[in-house]
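Participant: So I've got this file, target_0.cif, and it contains mmCIF, C-alpha atoms:
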```
data_input
loop_
_atom_site.label_atom_id
_atom_site.label_comp_id
_atom_site.auth_asym_id
_atom_site.auth_seq_id
_atom_site.Cartn_x
_atom_site.Cartn_y
_atom_site.Cartn_z
CA MET A 28 7.72 170.80 218.86
CA THR A 29 11.16 171.99 219.91
CA GLY A 30 13.85 173.07 217.48
CA GLY A 31 15.80 169.89 218.21
CA GLY A 32 12.74 167.81 217.39
CA VAL A 33 12.31 169.51 214.03
CA VAL A 34 15.99 168.99 213.20
CA GLU A 35 15.79 165.32 214.17
CA ARG A 36 12.65 164.77 212.08
CA TYR A 37 14.35 166.44 209.12
CA ARG A 38 17.47 164.29 209.58
CA ARG A 39 15.47 161.06 209.73
CA GLY A 40 13.28 162.07 206.78
CA VAL A 41 16.11 163.03 204.46
CA GLU A 42 18.53 160.28 205.46
CA PRO A 43 17.31 157.61 202.99
CA ALA A 44 17.86 160.02 200.08
CA VAL A 45 21.37 161.18 201.00
CA ARG A 46 23.12 158.08 202.37
CA GLY A 47 24.39 154.98 200.66
CA ALA A 48 23.66 153.97 197.09
CA ALA A 49 20.48 156.05 196.93
CA GLY A 50 22.47 159.14 197.90
CA VAL A 51 24.94 158.55 195.07
CA VAL A 52 22.20 157.94 192.49
CA ILE A 53 20.15 160.97 193.55
CA THR A 54 23.20 163.23 193.65
CA VAL A 55 24.32 162.15 190.18
CA ALA A 56 20.77 162.59 188.88
CA PHE A 57 20.50 166.12 190.31
CA PHE A 58 23.84 167.23 188.90
CA ALA A 59 23.10 165.63 185.50
CA ALA A 60 19.68 167.30 185.31
CA ALA A 61 21.22 170.61 186.41
CA ALA A 62 23.82 170.31 183.65
CA VAL A 63 21.08 169.71 181.09
CA VAL A 64 19.16 172.76 182.31
CA GLY A 65 22.38 174.80 182.41
CA GLY A 66 22.81 178.47 183.22
CA ARG A 67 21.26 180.04 186.30
CA GLY A 68 18.48 177.47 186.43
CA GLY A 69 20.98 174.61 186.50
CA VAL A 70 23.04 176.24 189.22
CA ALA A 71 19.89 176.82 191.29
CA MET A 72 18.85 173.20 190.79
CA ALA A 73 22.25 171.83 191.80
CA SER A 74 22.34 174.25 194.74
CA ALA A 75 19.00 172.99 195.98
CA TRP A 76 20.36 169.45 196.25
CA VAL A 77 23.65 170.63 197.78
CA ALA A 78 21.63 172.59 200.38
CA VAL A 79 19.64 169.46 201.26
CA ALA A 80 22.83 167.40 201.61
CA GLY A 81 24.61 170.13 203.60
CA SER A 82 21.75 170.70 206.01
CA TYR A 83 21.40 166.94 206.48
CA CYS A 84 25.09 166.70 207.39
CA LEU A 85 24.78 169.59 209.85
CA ALA A 86 21.85 167.83 211.51
CA ASN A 87 23.63 164.49 211.42
CA PHE A 88 26.76 165.91 213.00
CA ARG A 89 24.60 167.25 215.80
CA HIS A 90 23.10 163.77 216.17
CA CYS A 91 26.11 161.46 216.11
CA ARG A 92 29.29 163.52 215.50
CA GLU A 93 30.37 161.65 212.36
CA THR A 94 33.70 163.23 211.44
CA HIS A 95 32.97 163.77 207.75
CA CYS A 96 29.83 165.74 208.61
CA ALA A 97 32.00 168.34 210.37
CA VAL A 98 33.40 169.14 206.91
CA THR A 99 30.57 168.27 204.52
CA GLY A 100 27.84 170.04 206.50
CA PRO A 101 29.32 173.54 206.52
CA GLY A 102 31.16 173.01 203.22
CA TRP A 103 28.13 171.97 201.21
CA THR A 104 25.93 174.55 202.87
CA LEU A 105 28.37 177.29 201.86
CA ALA A 106 28.60 175.84 198.34
CA ALA A 107 24.80 175.97 198.10
CA VAL A 108 24.70 179.58 199.29
CA LEU A 109 27.29 180.50 196.64
CA GLY A 110 25.23 178.66 194.04
CA PHE A 111 22.04 180.49 194.96
CA ALA A 112 23.95 183.78 194.92
CA ALA A 113 25.31 182.96 191.45
CA ALA A 114 21.82 182.09 190.22
CA LEU A 115 20.36 185.32 191.57
CA ALA A 116 23.25 187.72 190.96
CA PRO A 117 22.62 190.37 188.35
CA ARG A 118 25.03 190.61 185.45
CA THR A 119 28.06 188.35 185.28
CA GLY A 120 29.65 188.90 188.68
CA MET A 121 29.41 185.24 189.65
CA SER A 122 29.19 183.68 186.19
CA TRP A 123 32.24 181.55 187.04
CA TYR A 124 30.12 179.55 189.54
CA ARG A 125 28.45 177.09 187.19
CA VAL A 126 27.10 173.58 187.59
CA SER A 127 30.50 172.12 186.72
CA VAL A 128 32.20 174.21 189.40
CA GLU A 129 29.57 173.31 192.00
CA THR A 130 29.98 169.63 191.10
CA MET A 131 33.75 169.83 191.59
CA VAL A 132 33.33 171.72 194.87
CA PHE A 133 30.84 169.07 196.06
CA VAL A 134 33.27 166.23 195.28
CA VAL A 135 36.29 168.01 196.83
CA ILE A 136 34.34 168.68 200.04
CA LEU A 137 33.17 165.06 200.08
CA ALA A 138 36.75 163.81 199.69
CA ALA A 139 38.02 166.20 202.39
CA GLY A 140 35.31 165.08 204.81
CA TYR A 141 35.91 161.38 204.34
CA GLY A 142 39.68 161.92 204.25
CA LEU A 143 39.49 163.56 207.66
CA GLU A 144 37.26 160.75 208.92
CA TYR A 145 39.82 158.20 207.71
CA VAL A 146 42.62 160.00 209.56
CA VAL A 147 40.55 160.29 212.76
CA ALA A 148 39.57 156.61 212.57
CA ALA A 149 43.17 155.55 211.99
CA ARG A 150 44.35 157.53 215.02
CA THR A 151 41.48 156.89 217.43
CA GLY A 152 39.70 153.81 216.13
CA ARG A 153 36.45 155.83 216.00
CA ARG A 154 34.61 157.48 213.13
CA ALA A 155 33.07 160.07 215.42
CA LEU A 156 34.80 163.17 216.81
CA ALA A 157 33.22 162.90 220.26
CA GLY A 158 31.52 160.04 222.00
CA GLN A 159 30.88 156.80 220.19
CA HIS A 160 29.14 156.53 216.85
CA ALA A 161 26.53 153.79 216.55
CA GLN A 162 28.56 152.04 213.82
CA ASP A 163 31.67 152.03 216.01
CA ARG A 164 30.06 149.89 218.71
#
```
Could you spell out this file's structure in structure tokens?

Facilitator:
Amino acid sequence: MTGGGVVERYRRGVEPAVRGAAGVVITVAFFAAAAVVGGRGGVAMASAWVAVAGSYCLANFRHCRETHCAVTGPGWTLAAVLGFAAALAPRTGMSWYRVSVETMVFVVILAAGYGLEYVVAARTGRRALAGQHAQDR
């Protein structure tokens, strides 16, 4: 199987968990559970979900060029990397990066992505940056 095939299978497999109402419920559940766990374990737990969401958006942007994915994909992936680094860092060097911070970062990146998509759609009439998104047809 080619690299593109693996990415597409991942995108299709994860999509039901990250989009729509299910995506909201699962995201809230992950962040709530991470807050209960707290500390490094909570940050690692929240980071795992943020990594799934970020990698999905990267794959989805490759697939259909949805504007918000150009922001959420790299943004959430970076937030997850920071979270894993905070969970693994010795001492207190990254103790500021807690579940609450990762949650705020997640929401700010989400708002920035959809804000950009709104601006692009208002100017071009399309939700996608290049080509035509399936929902725009």

Participant: Using only C-alpha atoms, find the one residue out of A:Gly110, A:Gly32, A:Gly81, A:Gly100 that sits nearest to Arg67 (chain A).

Facilitator: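 Checking each of A:Gly110, A:Gly32, A:Gly81, A:Gly100 against Arg67 (chain A), counting only C-alpha atoms, the winner is A:Gly110.
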
Participant: Listing only residues of region 71-118 of chain A within 12 Å of region 131-150 of chain A, what is the closest atom pair and its distance in Å (to one decimal) for each, using all atoms listed in the file, sorted by chain and residue number ascending, as JSON lines?

Facilitator:
```
{"residue": "A:Ala73", "atom": "CA", "partner": "A:Phe133", "partner_atom": "CA", "distance": 10.0}
{"residue": "A:Ser74", "atom": "CA", "partner": "A:Phe133", "partner_atom": "CA", "distance": 10.0}
{"residue": "A:Trp76", "atom": "CA", "partner": "A:Phe133", "partner_atom": "CA", "distance": 10.5}
{"residue": "A:Val77", "atom": "CA", "partner": "A:Phe133", "partner_atom": "CA", "distance": 7.6}
{"residue": "A:Ala78", "atom": "CA", "partner": "A:Phe133", "partner_atom": "CA", "distance": 10.8}
{"residue": "A:Ala80", "atom": "CA", "partner": "A:Phe133", "partner_atom": "CA", "distance": 9.9}
{"residue": "A:Gly81", "atom": "CA", "partner": "A:Phe133", "partner_atom": "CA", "distance": 9.8}
{"residue": "A:Cys84", "atom": "CA", "partner": "A:Gly140", "partner_atom": "CA", "distance": 10.7}
{"residue": "A:Phe88", "atom": "CA", "partner": "A:Gly140", "partner_atom": "CA", "distance": 11.9}
{"residue": "A:Arg92", "atom": "CA", "partner": "A:Glu144", "partner_atom": "CA", "distance": 10.7}
{"residue": "A:Glu93", "atom": "CA", "partner": "A:Glu144", "partner_atom": "CA", "distance": 7.8}
{"residue": "A:Thr94", "atom": "CA", "partner": "A:Glu144", "partner_atom": "CA", "distance": 5.0}
{"residue": "A:His95", "atom": "CA", "partner": "A:Gly140", "partner_atom": "CA", "distance": 4.0}
{"residue": "A:Cys96", "atom": "CA", "partner": "A:Gly140", "partner_atom": "CA", "distance": 6.7}
{"residue": "A:Ala97", "atom": "CA", "partner": "A:Gly140", "partner_atom": "CA", "distance": 7.2}
{"residue": "A:Val98", "atom": "CA", "partner": "A:Gly140", "partner_atom": "CA", "distance": 5.0}
{"residue": "A:Thr99", "atom": "CA", "partner": "A:Gly140", "partner_atom": "CA", "distance": 5.7}
{"residue": "A:Gly100", "atom": "CA", "partner": "A:Gly140", "partner_atom": "CA", "distance": 9.1}
{"residue": "A:Pro101", "atom": "CA", "partner": "A:Ile136", "partner_atom": "CA", "distance": 9.5}
{"residue": "A:Gly102", "atom": "CA", "partner": "A:Ile136", "partner_atom": "CA", "distance": 6.2}
{"residue": "A:Trp103", "atom": "CA", "partner": "A:Phe133", "partner_atom": "CA", "distance": 6.5}
{"residue": "A:Thr104", "atom": "CA", "partner": "A:Phe133", "partner_atom": "CA", "distance": 10.0}
{"residue": "A:Leu105", "atom": "CA", "partner": "A:Val132", "partner_atom": "CA", "distance": 10.2}
{"residue": "A:Ala106", "atom": "CA", "partner": "A:Val132", "partner_atom": "CA", "distance": 7.2}
{"residue": "A:Ala107", "atom": "CA", "partner": "A:Phe133", "partner_atom": "CA", "distance": 9.4}
{"residue": "A:Leu109", "atom": "CA", "partner": "A:Val132", "partner_atom": "CA", "distance": 10.8}
{"residue": "A:Gly110", "atom": "CA", "partner": "A:Val132", "partner_atom": "CA", "distance": 10.7}
```

Participant: For the residues selected in the previous step, produce a file with C-alpha atoms as a PDB file, keeping the file's coordinate frame.

Facilitator:
```pdb
ATOM      1  CA  ALA A  73      22.250 171.830 191.800  1.00  0.00           C
ATOM      2  CA  SER A  74      22.340 174.250 194.740  1.00  0.00           C
ATOM      3  CA  TRP A  76      20.360 169.450 196.250  1.00  0.00           C
ATOM      4  CA  VAL A  77      23.650 170.630 197.780  1.00  0.00           C
ATOM      5  CA  ALA A  78      21.630 172.590 200.380  1.00  0.00           C
ATOM      6  CA  ALA A  80      22.830 167.400 201.610  1.00  0.00           C
ATOM      7  CA  GLY A  81      24.610 170.130 203.600  1.00  0.00           C
ATOM      8  CA  CYS A  84      25.090 166.700 207.390  1.00  0.00           C
ATOM      9  CA  PHE A  88      26.760 165.910 213.000  1.00  0.00           C
ATOM     10  CA  ARG A  92      29.290 163.520 215.500  1.00  0.00           C
ATOM     11  CA  GLU A  93      30.370 161.650 212.360  1.00  0.00           C
ATOM     12  CA  THR A  94      33.700 163.230 211.440  1.00  0.00           C
ATOM     13  CA  HIS A  95      32.970 163.770 207.750  1.00  0.00           C
ATOM     14  CA  CYS A  96      29.830 165.740 208.610  1.00  0.00           C
ATOM     15  CA  ALA A  97      32.000 168.340 210.370  1.00  0.00           C
ATOM     16  CA  VAL A  98      33.400 169.140 206.910  1.00  0.00           C
ATOM     17  CA  THR A  99      30.570 168.270 204.520  1.00  0.00           C
ATOM     18  CA  GLY A 100      27.840 170.040 206.500  1.00  0.00           C
ATOM     19  CA  PRO A 101      29.320 173.540 206.520  1.00  0.00           C
ATOM     20  CA  GLY A 102      31.160 173.010 203.220  1.00  0.00           C
ATOM     21  CA  TRP A 103      28.130 171.970 201.210  1.00  0.00           C
ATOM     22  CA  THR A 104      25.930 174.550 202.870  1.00  0.00           C
ATOM     23  CA  LEU A 105      28.370 177.290 201.860  1.00  0.00           C
ATOM     24  CA  ALA A 106      28.600 175.840 198.340  1.00  0.00           C
ATOM     25  CA  ALA A 107      24.800 175.970 198.100  1.00  0.00           C
ATOM     26  CA  LEU A 109      27.290 180.500 196.640  1.00  0.00           C
ATOM     27  CA  GLY A 110      25.230 178.660 194.040  1.00  0.00           C
TER      28      GLY A 110
END
```

Participant: Between CA of Ala86 (chain A) and CA of Phe111 (chain A), what distance in Å does the model show, to one decimal?

Facilitator: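 Calculated distance between CA of Ala86 (chain A) and CA of Phe111 (chain A) is 20.8 Å.
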
Participant: CA of Ala62 (chain A) and CA of Arg118 (chain A) are how many Å apart?

Facilitator: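 Taking CA of Ala62 (chain A) as the start and CA of Arg118 (chain A) as the end point, the length is 20.4 Å.
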
Participant: Could you state the separation of CA of Arg38 (chain A) and CA of Val51 (chain A) in Å, given to one decimal place?

Facilitator: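 Going from CA of Arg38 (chain A) over to CA of Val51 (chain A), I get 17.3 Å.
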
Participant: If you count only C-alpha atoms, which residues fall within 12 Å of Glu42 (chain A), apart from same-chain ones fewer than 2 positions away, as a count of residues only?

Facilitator: 22

Participant: Extract, using only C-alpha atoms, all DNA, RNA and protein residues at most 12 Å from Ala59 (chain A), discarding same-chain residues fewer than 4 positions from it, and format them as an MDAnalysis selection string.

Facilitator: chainID A and resid 52:55 63:65 69:70 72:73 76 126:127 129:130

Participant: Which of these residues is nearest to Thr119 (chain A), using only C-alpha atoms: A:Thr151, A:Ala157, A:Ala75, A:Gly66?

Facilitator: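 Closest candidate: A:Gly66.
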
Participant: Calculate, to one decimal in Å, the centre and edge lengths of the box along x, y and z of the file that holds all listed atoms of region 117-127 of chain A with 4 Å of margin on each side, and present them as lines of an AutoDock Vina configuration file.

Facilitator:
```
center_x = 27.4
center_y = 181.4
center_z = 187.5
size_x = 17.6
size_y = 26.5
size_z = 12.4
```

Participant: Using all atoms listed in the file, can you tell me which of A:Val33, A:Ala71, A:Ala155, A:Ala114 comes closest to Phe57 (chain A)?

Facilitator: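 The closest residue to Phe57 (chain A) is A:Ala71.
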
Participant: When distances are computed from only C-alpha atoms, which of A:Arg153, A:Val41, A:Thr29, A:Ala113 shows the smallest separation from Cys91 (chain A)?

Facilitator: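 The closest residue to Cys91 (chain A) is A:Arg153.
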
Participant: Taking all atoms listed in the file into account, which of A:His90, A:Gly30, A:Gly68, A:Ala60 comes nearest Ala112 (chain A)?

Facilitator: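 For Ala112 (chain A), the nearest of the candidates is A:Gly68.
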